[in-house]
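Student: Contents of start39.cif (mmCIF, C-alpha atoms and all ligand atoms):
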```
data_target
#
loop_
_atom_site.group_PDB
_atom_site.id
_atom_site.type_symbol
_atom_site.label_atom_id
_atom_site.label_comp_id
_atom_site.auth_asym_id
_atom_site.auth_seq_id
_atom_site.Cartn_x
_atom_site.Cartn_y
_atom_site.Cartn_z
ATOM 1 C CA MET S 21 137.816 88.471 167.974
ATOM 2 C CA LYS S 22 137.274 86.447 164.762
ATOM 3 C CA LYS S 23 135.325 83.226 165.344
ATOM 4 C CA MET S 24 136.876 80.169 163.741
ATOM 5 C CA LYS S 25 134.815 77.726 161.746
ATOM 6 C CA ILE S 26 135.936 74.429 163.296
ATOM 7 C CA PRO S 27 133.477 71.494 163.181
ATOM 8 C CA SER S 28 132.312 70.383 166.636
ATOM 9 C CA SER S 29 132.573 66.638 165.842
ATOM 10 C CA GLU S 30 135.291 64.834 167.809
ATOM 11 C CA ASN S 31 136.934 61.609 166.654
ATOM 12 C CA LEU S 32 139.919 61.816 168.996
ATOM 13 C CA GLY S 33 138.633 61.113 172.479
ATOM 14 C CA HIS S 34 139.940 61.621 176.009
ATOM 15 C CA GLY S 35 142.641 59.483 177.528
ATOM 16 C CA HIS S 36 145.053 59.256 174.633
ATOM 17 C CA LEU S 37 148.704 58.812 175.536
ATOM 18 C CA ALA S 38 150.332 61.819 173.832
ATOM 19 C CA CYS S 39 152.768 63.974 175.815
ATOM 20 C CA ALA S 40 151.476 67.286 177.190
ATOM 21 C CA GLY S 41 151.651 69.844 174.394
ATOM 22 C CA CYS S 42 152.010 67.266 171.610
ATOM 23 C CA GLY S 43 151.517 69.214 168.378
ATOM 24 C CA ALA S 44 150.496 66.042 166.588
ATOM 25 C CA ALA S 45 147.615 65.385 169.005
ATOM 26 C CA VAL S 46 146.134 68.779 168.116
ATOM 27 C CA GLY S 47 146.832 68.030 164.452
ATOM 28 C CA MET S 48 145.135 64.636 164.658
ATOM 29 C CA ARG S 49 142.069 66.129 166.350
ATOM 30 C CA LEU S 50 141.714 68.681 163.538
ATOM 31 C CA VAL S 51 142.437 66.214 160.725
ATOM 32 C CA LEU S 52 139.798 63.790 162.042
ATOM 33 C CA LYS S 53 137.236 66.600 162.133
ATOM 34 C CA ALA S 54 137.867 67.223 158.445
ATOM 35 C CA LEU S 55 137.999 63.572 157.404
ATOM 36 C CA GLY S 56 134.874 62.411 159.244
ATOM 37 C CA GLU S 57 133.888 58.927 160.371
ATOM 38 C CA LYS S 58 134.003 57.204 156.999
ATOM 39 C CA THR S 59 137.769 56.928 157.128
ATOM 40 C CA VAL S 60 140.252 54.116 157.672
ATOM 41 C CA MET S 61 143.538 55.380 159.084
ATOM 42 C CA ILE S 62 146.829 53.557 158.696
ATOM 43 C CA PHE S 63 149.595 54.034 161.237
ATOM 44 C CA PRO S 64 153.079 52.881 160.285
ATOM 45 C CA ALA S 65 155.166 52.514 163.497
ATOM 46 C CA SER S 66 155.559 55.892 165.242
ATOM 47 C CA CYS S 67 154.431 57.691 168.399
ATOM 48 C CA TRP S 68 150.963 56.914 167.013
ATOM 49 C CA SER S 69 151.473 53.201 167.537
ATOM 50 C CA ILE S 70 151.187 54.122 171.228
ATOM 51 C CA ILE S 71 149.106 57.305 171.511
ATOM 52 C CA PRO S 72 145.631 55.965 170.566
ATOM 53 C CA GLY S 73 145.837 53.173 173.161
ATOM 54 C CA PHE S 74 144.922 49.601 172.359
ATOM 55 C CA TRP S 75 141.569 48.164 171.354
ATOM 56 C CA PRO S 76 138.927 48.195 172.843
ATOM 57 C CA TYR S 77 140.137 51.316 174.681
ATOM 58 C CA SER S 78 141.371 53.215 171.608
ATOM 59 C CA SER S 79 140.807 56.959 171.801
ATOM 60 C CA ILE S 80 140.441 57.165 168.005
ATOM 61 C CA ARG S 81 136.843 56.657 166.905
ATOM 62 C CA ILE S 82 137.496 55.354 163.393
ATOM 63 C CA PRO S 83 138.920 52.011 162.175
ATOM 64 C CA VAL S 84 142.722 52.003 162.291
ATOM 65 C CA VAL S 85 145.378 49.674 160.866
ATOM 66 C CA HIS S 86 148.694 49.496 162.717
ATOM 67 C CA ALA S 87 151.244 48.728 160.018
ATOM 68 C CA GLY S 88 154.951 47.991 159.654
ATOM 69 C CA PHE S 89 157.277 51.001 159.707
ATOM 70 C CA VAL S 90 158.107 50.828 155.980
ATOM 71 C CA THR S 91 154.656 49.989 154.659
ATOM 72 C CA GLY S 92 152.458 53.130 154.711
ATOM 73 C CA GLY S 93 152.137 53.439 150.923
ATOM 74 C CA ALA S 94 151.731 49.693 150.356
ATOM 75 C CA THR S 95 149.218 49.126 153.167
ATOM 76 C CA ALA S 96 147.094 52.060 152.017
ATOM 77 C CA SER S 97 147.140 50.729 148.435
ATOM 78 C CA GLY S 98 145.923 47.345 149.703
ATOM 79 C CA VAL S 99 143.207 48.715 151.976
ATOM 80 C CA ARG S 100 141.922 50.904 149.120
ATOM 81 C CA ALA S 101 141.815 47.901 146.755
ATOM 82 C CA ALA S 102 139.977 45.813 149.371
ATOM 83 C CA LEU S 103 137.355 48.530 149.929
ATOM 84 C CA ASP S 104 136.886 48.949 146.173
ATOM 85 C CA ILE S 105 136.346 45.193 145.734
ATOM 86 C CA ARG S 106 133.629 45.417 148.404
ATOM 87 C CA GLY S 107 132.022 48.214 146.409
ATOM 88 C CA ASP S 108 132.903 50.855 149.004
ATOM 89 C CA HIS S 109 134.303 53.770 147.027
ATOM 90 C CA GLU S 110 133.218 56.307 149.640
ATOM 91 C CA THR S 111 135.402 55.487 152.650
ATOM 92 C CA VAL S 112 138.586 57.558 152.662
ATOM 93 C CA VAL S 113 141.896 55.756 153.167
ATOM 94 C CA ALA S 114 144.358 57.932 155.059
ATOM 95 C CA VAL S 115 147.913 57.240 156.215
ATOM 96 C CA TRP S 116 149.311 59.032 159.270
ATOM 97 C CA ALA S 117 153.047 58.450 159.167
ATOM 98 C CA GLY S 118 155.993 60.075 160.921
ATOM 99 C CA ASP S 119 158.869 61.800 159.165
ATOM 100 C CA GLY S 120 161.074 58.740 159.757
ATOM 101 C CA ALA S 121 158.489 56.511 158.093
ATOM 102 C CA THR S 122 158.060 58.985 155.223
ATOM 103 C CA PHE S 123 161.355 60.738 154.463
ATOM 104 C CA ASP S 124 163.515 57.705 155.282
ATOM 105 C CA ILE S 125 162.397 54.145 155.735
ATOM 106 C CA GLY S 126 158.978 54.160 154.000
ATOM 107 C CA ILE S 127 159.893 56.318 151.018
ATOM 108 C CA GLN S 128 160.119 53.341 148.662
ATOM 109 C CA ALA S 129 156.536 52.185 149.350
ATOM 110 C CA LEU S 130 155.289 55.773 149.239
ATOM 111 C CA SER S 131 157.094 56.544 145.976
ATOM 112 C CA GLY S 132 155.776 53.367 144.353
ATOM 113 C CA ALA S 133 152.205 54.129 145.392
ATOM 114 C CA ALA S 134 152.469 57.796 144.330
ATOM 115 C CA GLU S 135 153.862 56.809 140.926
ATOM 116 C CA ARG S 136 150.831 54.514 140.447
ATOM 117 C CA ASN S 137 148.648 57.405 141.698
ATOM 118 C CA GLU S 138 146.977 55.128 144.259
ATOM 119 C CA ASP S 139 143.834 56.602 145.749
ATOM 120 C CA PHE S 140 144.644 57.658 149.325
ATOM 121 C CA LEU S 141 145.576 60.625 151.476
ATOM 122 C CA TYR S 142 149.044 60.419 153.012
ATOM 123 C CA ILE S 143 149.662 62.717 155.973
ATOM 124 C CA CYS S 144 153.260 63.031 157.047
ATOM 125 C CA ASN S 145 153.281 64.025 160.706
ATOM 126 C CA ASP S 146 156.693 65.694 160.750
ATOM 127 C CA ASN S 147 158.169 66.207 164.222
ATOM 128 C CA GLU S 148 161.668 66.243 162.701
ATOM 129 C CA GLY S 149 163.040 63.137 164.351
ATOM 130 C CA TYR S 150 162.459 59.549 165.438
ATOM 131 C CA MET S 151 160.623 60.690 168.547
ATOM 132 C CA ASN S 152 158.910 57.480 169.658
ATOM 133 C CA THR S 153 162.278 55.793 170.125
ATOM 134 C CA GLY S 154 163.965 58.736 171.887
ATOM 135 C CA THR S 155 164.685 61.627 169.483
ATOM 136 C CA GLN S 156 167.102 60.201 166.959
ATOM 137 C CA ARG S 157 167.892 62.235 163.850
ATOM 138 C CA SER S 158 165.962 61.636 160.613
ATOM 139 C CA SER S 159 166.435 63.195 157.189
ATOM 140 C CA ALA S 160 163.679 65.633 158.234
ATOM 141 C CA THR S 161 165.770 66.951 161.140
ATOM 142 C CA PRO S 162 166.928 70.515 160.383
ATOM 143 C CA LEU S 163 170.556 71.462 159.823
ATOM 144 C CA PHE S 164 172.513 72.030 163.111
ATOM 145 C CA ALA S 165 169.702 70.661 165.333
ATOM 146 C CA TRP S 166 170.453 68.655 168.451
ATOM 147 C CA THR S 167 169.089 65.109 168.652
ATOM 148 C CA THR S 168 170.350 62.157 170.698
ATOM 149 C CA THR S 169 172.296 60.945 167.639
ATOM 150 C CA THR S 170 173.467 64.454 166.706
ATOM 151 C CA PRO S 171 174.732 65.757 170.090
ATOM 152 C CA VAL S 172 175.733 69.422 170.513
ATOM 153 C CA THR S 173 179.368 68.399 170.048
ATOM 154 C CA LYS S 174 178.408 67.120 166.575
ATOM 155 C CA PRO S 175 175.065 68.620 165.535
ATOM 156 C CA LYS S 176 173.312 67.602 162.316
ATOM 157 C CA GLU S 177 175.482 68.391 159.288
ATOM 158 C CA ASN S 178 172.874 68.019 156.531
ATOM 159 C CA LEU S 179 169.944 70.043 155.286
ATOM 160 C CA LYS S 180 166.391 68.765 155.800
ATOM 161 C CA LYS S 181 165.219 66.728 152.825
ATOM 162 C CA ASP S 182 162.706 68.573 150.603
ATOM 163 C CA ILE S 183 159.876 66.029 150.722
ATOM 164 C CA MET S 184 157.377 68.371 149.042
ATOM 165 C CA ALA S 185 159.611 68.676 145.969
ATOM 166 C CA ILE S 186 160.013 64.888 145.905
ATOM 167 C CA MET S 187 156.243 64.360 146.063
ATOM 168 C CA ALA S 188 155.571 67.079 143.473
ATOM 169 C CA ASP S 189 157.929 65.295 141.106
ATOM 170 C CA HIS S 190 155.631 62.255 141.293
ATOM 171 C CA HIS S 191 153.014 64.479 139.543
ATOM 172 C CA ILE S 192 150.408 63.650 142.184
ATOM 173 C CA PRO S 193 147.174 65.662 142.030
ATOM 174 C CA TYR S 194 147.614 67.415 145.377
ATOM 175 C CA ALA S 195 150.327 68.178 147.926
ATOM 176 C CA ALA S 196 150.168 70.779 150.700
ATOM 177 C CA THR S 197 152.004 71.928 153.814
ATOM 178 C CA ALA S 198 150.080 72.737 157.005
ATOM 179 C CA THR S 199 150.472 73.480 160.716
ATOM 180 C CA ILE S 200 148.189 73.544 163.742
ATOM 181 C CA ALA S 201 148.769 77.288 164.148
ATOM 182 C CA TYR S 202 146.517 77.816 161.115
ATOM 183 C CA PRO S 203 143.659 75.392 161.886
ATOM 184 C CA GLU S 204 141.233 76.689 159.254
ATOM 185 C CA ASP S 205 143.935 76.434 156.618
ATOM 186 C CA LEU S 206 144.703 72.868 157.756
ATOM 187 C CA LEU S 207 141.015 71.878 157.691
ATOM 188 C CA ARG S 208 140.509 73.402 154.258
ATOM 189 C CA LYS S 209 143.496 71.475 152.887
ATOM 190 C CA VAL S 210 142.342 68.159 154.374
ATOM 191 C CA GLU S 211 138.814 68.734 153.035
ATOM 192 C CA LYS S 212 140.199 69.602 149.612
ATOM 193 C CA ALA S 213 142.469 66.541 149.642
ATOM 194 C CA ARG S 214 139.503 64.428 150.709
ATOM 195 C CA SER S 215 137.532 65.503 147.630
ATOM 196 C CA ILE S 216 140.285 64.581 145.132
ATOM 197 C CA ARG S 217 140.986 61.057 143.791
ATOM 198 C CA GLY S 218 144.523 59.742 143.460
ATOM 199 C CA THR S 219 147.505 60.208 145.781
ATOM 200 C CA ARG S 220 147.244 63.271 147.984
ATOM 201 C CA PHE S 221 150.013 64.327 150.369
ATOM 202 C CA ILE S 222 149.882 66.662 153.369
ATOM 203 C CA HIS S 223 153.094 67.669 155.095
ATOM 204 C CA LEU S 224 152.098 68.613 158.643
ATOM 205 C CA LEU S 225 154.746 70.216 160.858
ATOM 206 C CA SER S 226 154.171 69.011 164.443
ATOM 207 C CA PRO S 227 156.311 70.492 167.228
ATOM 208 C CA CYS S 228 157.361 67.874 169.789
ATOM 209 C CA SER S 229 157.746 69.315 173.277
ATOM 210 C CA PRO S 230 160.389 66.867 174.645
ATOM 211 C CA GLY S 231 162.182 66.401 171.306
ATOM 212 C CA TRP S 232 162.425 70.089 170.459
ATOM 213 C CA LYS S 233 162.996 71.071 174.106
ATOM 214 C CA ILE S 234 160.119 73.540 174.220
ATOM 215 C CA PRO S 235 157.617 74.172 177.034
ATOM 216 C CA SER S 236 154.399 72.264 176.366
ATOM 217 C CA GLU S 237 152.383 75.477 176.019
ATOM 218 C CA PHE S 238 154.588 76.711 173.128
ATOM 219 C CA THR S 239 153.450 74.204 170.501
ATOM 220 C CA VAL S 240 151.092 76.536 168.631
ATOM 221 C CA LYS S 241 153.401 79.547 169.026
ATOM 222 C CA VAL S 242 156.375 77.634 167.599
ATOM 223 C CA SER S 243 154.193 76.368 164.721
ATOM 224 C CA ARG S 244 153.190 79.941 163.901
ATOM 225 C CA LEU S 245 156.788 81.171 164.060
ATOM 226 C CA ALA S 246 157.839 78.338 161.709
ATOM 227 C CA VAL S 247 155.513 79.846 159.120
ATOM 228 C CA ARG S 248 156.278 83.508 159.856
ATOM 229 C CA SER S 249 160.040 82.918 159.673
ATOM 230 C CA ARG S 250 159.501 81.044 156.376
ATOM 231 C CA VAL S 251 161.217 77.994 157.829
ATOM 232 C CA PHE S 252 157.961 76.176 156.982
ATOM 233 C CA PRO S 253 155.959 78.140 154.397
ATOM 234 C CA LEU S 254 152.319 77.192 153.801
ATOM 235 C CA TYR S 255 151.678 76.238 150.187
ATOM 236 C CA GLU S 256 149.889 73.828 147.864
ATOM 237 C CA ILE S 257 151.076 72.084 144.693
ATOM 238 C CA GLU S 258 148.537 70.751 142.210
ATOM 239 C CA ASN S 259 149.545 68.125 139.624
ATOM 240 C CA GLY S 260 153.192 68.717 140.522
ATOM 241 C CA ILE S 261 153.319 72.089 138.783
ATOM 242 C CA SER S 262 150.733 74.580 139.999
ATOM 243 C CA TYR S 263 151.933 76.291 143.204
ATOM 244 C CA THR S 264 149.789 78.422 145.531
ATOM 245 C CA ILE S 265 151.613 80.104 148.411
ATOM 246 C CA ARG S 266 149.970 81.632 151.462
ATOM 247 C CA GLU S 267 151.958 84.848 151.931
ATOM 248 C CA GLU S 268 152.344 85.733 155.601
ATOM 249 C CA PRO S 269 152.284 89.482 156.292
ATOM 250 C CA HIS S 270 154.277 89.231 159.576
ATOM 251 C CA VAL S 271 157.683 87.929 158.513
ATOM 252 C CA VAL S 272 160.175 87.432 161.383
ATOM 253 C CA PRO S 273 163.888 86.507 161.396
ATOM 254 C CA VAL S 274 164.651 82.784 161.716
ATOM 255 C CA ARG S 275 166.305 83.582 165.053
ATOM 256 C CA GLU S 276 162.835 84.265 166.560
ATOM 257 C CA TYR S 277 161.830 80.683 165.711
ATOM 258 C CA LEU S 278 165.086 79.115 166.874
ATOM 259 C CA LYS S 279 165.451 80.896 170.201
ATOM 260 C CA LEU S 280 162.383 79.253 171.765
ATOM 261 C CA GLN S 281 163.773 75.760 171.184
ATOM 262 C CA GLY S 282 166.393 74.060 173.345
ATOM 263 C CA ARG S 283 167.455 71.850 170.420
ATOM 264 C CA PHE S 284 168.992 74.985 168.827
ATOM 265 C CA SER S 285 170.354 76.639 172.010
ATOM 266 C CA HIS S 286 173.981 75.753 171.121
ATOM 267 C CA LEU S 287 173.885 77.600 167.769
ATOM 268 C CA THR S 288 176.483 80.284 167.026
ATOM 269 C CA ASP S 289 175.559 83.572 165.310
ATOM 270 C CA ARG S 290 177.299 82.266 162.178
ATOM 271 C CA GLU S 291 175.163 79.111 162.158
ATOM 272 C CA ILE S 292 171.988 81.157 162.606
ATOM 273 C CA ASP S 293 173.077 83.278 159.613
ATOM 274 C CA VAL S 294 173.562 80.086 157.545
ATOM 275 C CA LEU S 295 170.042 78.925 158.462
ATOM 276 C CA GLN S 296 168.637 82.363 157.571
ATOM 277 C CA GLU S 297 170.399 82.252 154.187
ATOM 278 C CA ASN S 298 169.034 78.761 153.507
ATOM 279 C CA VAL S 299 165.505 79.876 154.346
ATOM 280 C CA GLU S 300 165.790 82.832 151.975
ATOM 281 C CA ARG S 301 167.162 80.657 149.167
ATOM 282 C CA THR S 302 164.347 78.116 149.597
ATOM 283 C CA TRP S 303 161.724 80.878 149.709
ATOM 284 C CA GLU S 304 163.068 82.408 146.476
ATOM 285 C CA ARG S 305 162.877 79.002 144.807
ATOM 286 C CA LEU S 306 159.304 78.561 145.999
ATOM 287 C CA LEU S 307 158.364 81.968 144.558
ATOM 288 C CA ARG S 308 160.012 81.060 141.241
ATOM 289 C CA ASN S 309 158.036 77.791 141.148
ATOM 290 C CA ALA S 310 154.826 79.719 141.841
ATOM 291 C CA GLN S 311 155.558 82.138 138.992
ATOM 292 C CA ALA S 312 156.625 79.484 136.482
HETATM 293 C C1 LIG S 401 161.690 48.147 160.807
HETATM 294 C C2 LIG S 401 161.578 48.882 162.097
HETATM 295 N N1 LIG S 401 162.676 49.539 162.567
HETATM 296 C C3 LIG S 401 162.594 50.220 163.734
HETATM 297 C C4 LIG S 401 161.424 50.269 164.445
HETATM 298 C C5 LIG S 401 161.365 50.999 165.759
HETATM 299 N N2 LIG S 401 160.638 52.257 165.680
HETATM 300 C C6 LIG S 401 159.332 52.332 166.034
HETATM 301 S S1 LIG S 401 158.731 53.908 165.942
HETATM 302 C C7 LIG S 401 160.230 54.488 165.437
HETATM 303 C C8 LIG S 401 160.438 55.959 165.199
HETATM 304 C C9 LIG S 401 159.508 56.503 164.188
HETATM 305 O O1 LIG S 401 159.878 57.811 163.820
HETATM 306 P P1 LIG S 401 158.881 58.670 162.981
HETATM 307 O O2 LIG S 401 158.452 57.930 161.780
HETATM 308 O O3 LIG S 401 159.501 59.994 162.726
HETATM 309 O O4 LIG S 401 157.608 58.840 163.934
HETATM 310 P P2 LIG S 401 157.560 59.516 165.424
HETATM 311 O O5 LIG S 401 157.911 58.444 166.392
HETATM 312 O O6 LIG S 401 158.523 60.640 165.439
HETATM 313 O O7 LIG S 401 156.131 59.959 165.575
HETATM 314 C C10 LIG S 401 161.167 53.453 165.336
HETATM 315 C C11 LIG S 401 162.591 53.644 164.948
HETATM 316 C C12 LIG S 401 160.302 49.580 163.920
HETATM 317 N N3 LIG S 401 159.119 49.612 164.532
HETATM 318 N N4 LIG S 401 160.408 48.896 162.749
HETATM 319 MG MG MG S 402 159.119 61.782 163.731
#
```
Taking this structure as input, can you express it in the form of structure tokens?

Tutor:
Amino acid sequence: MKKMKIPSSENLGHGHLACAGCGAAVGMRLVLKALGEKTVMIFPASCWSIIPGFWPYSSIRIPVVHAGFVTGGATASGVRAALDIRGDHETVVAVWAGDGATFDIGIQALSGAAERNEDFLYICNDNEGYMNTGTQRSSATPLFAWTTTTPVTKPKENLKKDIMAIMADHHIPYAATATIAYPEDLLRKVEKARSIRGTRFIHLLSPCSPGWKIPSEFTVKVSRLAVRSRVFPLYEIENGISYTIREEPHVVPVREYLKLQGRFSHLTDREIDVLQENVERTWERLLRNAQA
């Protein structure tokens, strides 16, 4: 079996408060390995306002700033400026924000900071809903998915917002998608983002066991199927124009991804076909962007 090259350093300790099988907890552990100790992490309100635990018992071994829900981009800009004034140009400023904080309520602060090309890494931890407050729909929730505000009698009617396209159109130096099912790929992208100056964006898909209605041991499997079904392709965009796609050899129908998740168990064959068509259309567009 191939041995993975994962650093042994640990900056997420025992006793954090994530649910069993939380994809984001695995993601955080890996991201912190790649970022190292000289990092300040900013948490706009999300599950991660709770998960680390409160000082002095925090399970995260780097300085953190708990920030208002809307303020990820603005807080990171300010922390970066403060470090620069102190002559510290080495410490990395990273934001860890949910999809609600990124796609919806914090997009103004993020867009402003990205347009100014502020020097920080913004990680959007996308679990496709407002999970900390009980699984309400966000604009990252997929079409037809169940949430508590999109019940099976009236599932979500809108497509997931294309946040990568929005960020690319800010001409930022680096944007990438990642999942915990490909840990070396995730680490490489965080390390690459770490080495670049300006606004860097990582879109991390993080399955949420209670919110997606999946058994806790399925988090990695569902992440892998998201990539193999092309629901969540792995790619990078440099300077808003240069696309690099990681082509997966084992492509599976979208149905394989959907059928493991209770939030899609009400779907009709017709709705699954619509989702498959959308995935194919988005994939074609991605390929066109990569060839342009
Ligand atoms: C202005 C404001 N509105 C609402 C809330 C309540 N709130 C805290 S976390 C949260 C959900 C966050 O969703 P997301 O950003 O997707 O992160 P997740 O909880 O899914 O990790 C909400 C609505 C808040 N803290 N501040
Ligand atoms: Mg969320």

Student: What would the selection look like, as a JSON list (two decimals) with C-alpha atoms, keeping the file's coordinate frame, if the PyMOL selection byres (((chain S and resi 72-78) around 12) and not hetatm) were run on the coordinates I just shared?

Tutor:
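Written output follows (result_39.json):
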```json
[["chain", "number", "residue", "atom", "x", "y", "z"],
["S", 31, "ASN", "CA", 136.93, 61.61, 166.65],
["S", 32, "LEU", "CA", 139.92, 61.82, 169.00],
["S", 33, "GLY", "CA", 138.63, 61.11, 172.48],
["S", 34, "HIS", "CA", 139.94, 61.62, 176.01],
["S", 35, "GLY", "CA", 142.64, 59.48, 177.53],
["S", 36, "HIS", "CA", 145.05, 59.26, 174.63],
["S", 37, "LEU", "CA", 148.70, 58.81, 175.54],
["S", 38, "ALA", "CA", 150.33, 61.82, 173.83],
["S", 39, "CYS", "CA", 152.77, 63.97, 175.82],
["S", 44, "ALA", "CA", 150.50, 66.04, 166.59],
["S", 45, "ALA", "CA", 147.62, 65.39, 169.00],
["S", 48, "MET", "CA", 145.14, 64.64, 164.66],
["S", 49, "ARG", "CA", 142.07, 66.13, 166.35],
["S", 61, "MET", "CA", 143.54, 55.38, 159.08],
["S", 63, "PHE", "CA", 149.60, 54.03, 161.24],
["S", 66, "SER", "CA", 155.56, 55.89, 165.24],
["S", 67, "CYS", "CA", 154.43, 57.69, 168.40],
["S", 68, "TRP", "CA", 150.96, 56.91, 167.01],
["S", 69, "SER", "CA", 151.47, 53.20, 167.54],
["S", 70, "ILE", "CA", 151.19, 54.12, 171.23],
["S", 71, "ILE", "CA", 149.11, 57.30, 171.51],
["S", 79, "SER", "CA", 140.81, 56.96, 171.80],
["S", 80, "ILE", "CA", 140.44, 57.16, 168.00],
["S", 81, "ARG", "CA", 136.84, 56.66, 166.90],
["S", 82, "ILE", "CA", 137.50, 55.35, 163.39],
["S", 83, "PRO", "CA", 138.92, 52.01, 162.18],
["S", 84, "VAL", "CA", 142.72, 52.00, 162.29],
["S", 85, "VAL", "CA", 145.38, 49.67, 160.87],
["S", 86, "HIS", "CA", 148.69, 49.50, 162.72]]
```

Student: Restrict the calculation to all atoms listed in the file, then for each residue of region 173-284 of chain S with any atom at most 10 Å from an atom of region 123-136 of chain S give the closest atom pair and their distance in Å to one decimal, rows by chain and rising residue number, as a Markdown table.

Tutor:
```
| residue | atom | partner | partner_atom | distance |
| --- | --- | --- | --- | --- |
| S:Lys180 | CA | S:Phe123 | CA | 9.6 |
| S:Lys181 | CA | S:Phe123 | CA | 7.3 |
| S:Asp182 | CA | S:Phe123 | CA | 8.8 |
| S:Ile183 | CA | S:Phe123 | CA | 6.6 |
| S:Ile186 | CA | S:Ser131 | CA | 8.8 |
| S:Met187 | CA | S:Ala134 | CA | 7.8 |
| S:Ala188 | CA | S:Ala134 | CA | 9.8 |
| S:Asp189 | CA | S:Glu135 | CA | 9.4 |
| S:His190 | CA | S:Glu135 | CA | 5.7 |
| S:His191 | CA | S:Glu135 | CA | 7.8 |
| S:Ile192 | CA | S:Ala134 | CA | 6.6 |
| S:Pro193 | CA | S:Ala134 | CA | 9.8 |
| S:Gly218 | CA | S:Ala134 | CA | 8.2 |
| S:Thr219 | CA | S:Ala134 | CA | 5.7 |
| S:Arg220 | CA | S:Ala134 | CA | 8.4 |
| S:Phe221 | CA | S:Ala134 | CA | 9.2 |
```

Student: So that I have them on file, write out the residues from the current selection with C-alpha atoms, as an mmCIF file, in the coordinates of the input.

Tutor:
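Output file again.cif is given in full below:
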```cif
data_model
loop_
_atom_site.group_PDB
_atom_site.id
_atom_site.type_symbol
_atom_site.label_atom_id
_atom_site.label_comp_id
_atom_site.auth_asym_id
_atom_site.auth_seq_id
_atom_site.Cartn_x
_atom_site.Cartn_y
_atom_site.Cartn_z
ATOM 1 C CA LYS S 180 166.391 68.765 155.800
ATOM 2 C CA LYS S 181 165.219 66.728 152.825
ATOM 3 C CA ASP S 182 162.706 68.573 150.603
ATOM 4 C CA ILE S 183 159.876 66.029 150.722
ATOM 5 C CA ILE S 186 160.013 64.888 145.905
ATOM 6 C CA MET S 187 156.243 64.360 146.063
ATOM 7 C CA ALA S 188 155.571 67.079 143.473
ATOM 8 C CA ASP S 189 157.929 65.295 141.106
ATOM 9 C CA HIS S 190 155.631 62.255 141.293
ATOM 10 C CA HIS S 191 153.014 64.479 139.543
ATOM 11 C CA ILE S 192 150.408 63.650 142.184
ATOM 12 C CA PRO S 193 147.174 65.662 142.030
ATOM 13 C CA GLY S 218 144.523 59.742 143.460
ATOM 14 C CA THR S 219 147.505 60.208 145.781
ATOM 15 C CA ARG S 220 147.244 63.271 147.984
ATOM 16 C CA PHE S 221 150.013 64.327 150.369
#
```

Student: Smallest atom-to-atom distance to ligand MG 402 (chain S): which of S:Arg106, S:Arg301, S:His270, S:Arg157, using all atoms listed in the file?

Tutor: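 Ranked by minimum distance to ligand MG 402 (chain S), first place goes to S:Arg157.
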
Student: Give me the result of the PyMOL selection byres (((not hetatm)) within 6 of (chain S and resi 402)) on this file, residue by residue, as a list of chain:residue names.

Tutor: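 Taken over the shown coordinates, the PyMOL selection byres (((not hetatm)) within 6 of (chain S and resi 402)) returns S:Gly118, S:Asp119, S:Gly120, S:Asp146, S:Asn147, S:Glu148, S:Gly149, S:Tyr150, S:Met151.
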
Student: When you look at Trp166 (chain S) with a cut-off of 9 Å (counting all atoms listed in the file), what residues show up, excluding the ones that are within fewer than 6 positions of it in the same chain? I need them as JSON, numbers by chain.

Tutor: {"S": [157, 172, 174, 175, 176, 232, 282, 283, 284, 285, 286]}

Student: Around (137.9, 66.6, 153.1) in the file's frame, which residues reach within 10 Å when counting only C-alpha atoms? Return as a list in words?

Tutor: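 Answer for this query, in the requested form: Val51, Leu52, Lys53, Ala54, Leu55, Gly56, Val112, Leu141, Leu207, Arg208, Lys209, Val210, Glu211, Lys212, Ala213, Arg214, Ser215 and Ile216 of chain S.
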
Student: Where's the centre, and what are the edge lengths in Å to one decimal, of a box along x, y and z enclosing all listed atoms of region 292-303 of chain S padded 4 Å per side, as AutoDock Vina command-line options?

Tutor:
```
--center_x 167.6 --center_y 80.7 --center_z 155.9 --size_x 19.8 --size_y 13.2 --size_z 21.4
```

Student: Return as a count of residues only the set of residues that the PyMOL selection byres (((chain S and resi 59) around 6) and not hetatm) yields on the displayed structure.

Tutor: 6

Student: Smallest atom-to-atom distance to ligand LIG 401 (chain S): which of S:Ser243, S:Ser249, S:Thr167, S:Ser97, using only C-alpha atoms and all ligand atoms?

Tutor: S:Thr167

Student: Restricting the calculation to all atoms listed in the file: of S:Ala101, S:Ala195, S:Val271, S:Met184, which residue gets closest to Leu306 (chain S)?

Tutor: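 Ranking S:Ala101, S:Ala195, S:Val271, S:Met184 by distance to Leu306 (chain S), first place goes to S:Met184.
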
Student: For Ala201 (chain S), please output as a ChimeraX atom specification all residues within 10 Å (counting only C-alpha atoms; exclusion window: fewer than 2 positions along the same chain).

Tutor: /S:43,46-47,198-199,203-206,225-226,239-247

Student: With C-alpha atoms kept, could you save the residues just selected as a tab-separated table (two decimals), keeping the file's coordinate frame?

Tutor:
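Heads up, here's the output in out_34.tsv:
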```tsv
chain	number	residue	atom	x	y	z
S	43	GLY	CA	151.52	69.21	168.38
S	46	VAL	CA	146.13	68.78	168.12
S	47	GLY	CA	146.83	68.03	164.45
S	198	ALA	CA	150.08	72.74	157.00
S	199	THR	CA	150.47	73.48	160.72
S	203	PRO	CA	143.66	75.39	161.89
S	204	GLU	CA	141.23	76.69	159.25
S	205	ASP	CA	143.94	76.43	156.62
S	206	LEU	CA	144.70	72.87	157.76
S	225	LEU	CA	154.75	70.22	160.86
S	226	SER	CA	154.17	69.01	164.44
S	239	THR	CA	153.45	74.20	170.50
S	240	VAL	CA	151.09	76.54	168.63
S	241	LYS	CA	153.40	79.55	169.03
S	242	VAL	CA	156.38	77.63	167.60
S	243	SER	CA	154.19	76.37	164.72
S	244	ARG	CA	153.19	79.94	163.90
S	245	LEU	CA	156.79	81.17	164.06
S	246	ALA	CA	157.84	78.34	161.71
S	247	VAL	CA	155.51	79.85	159.12
```
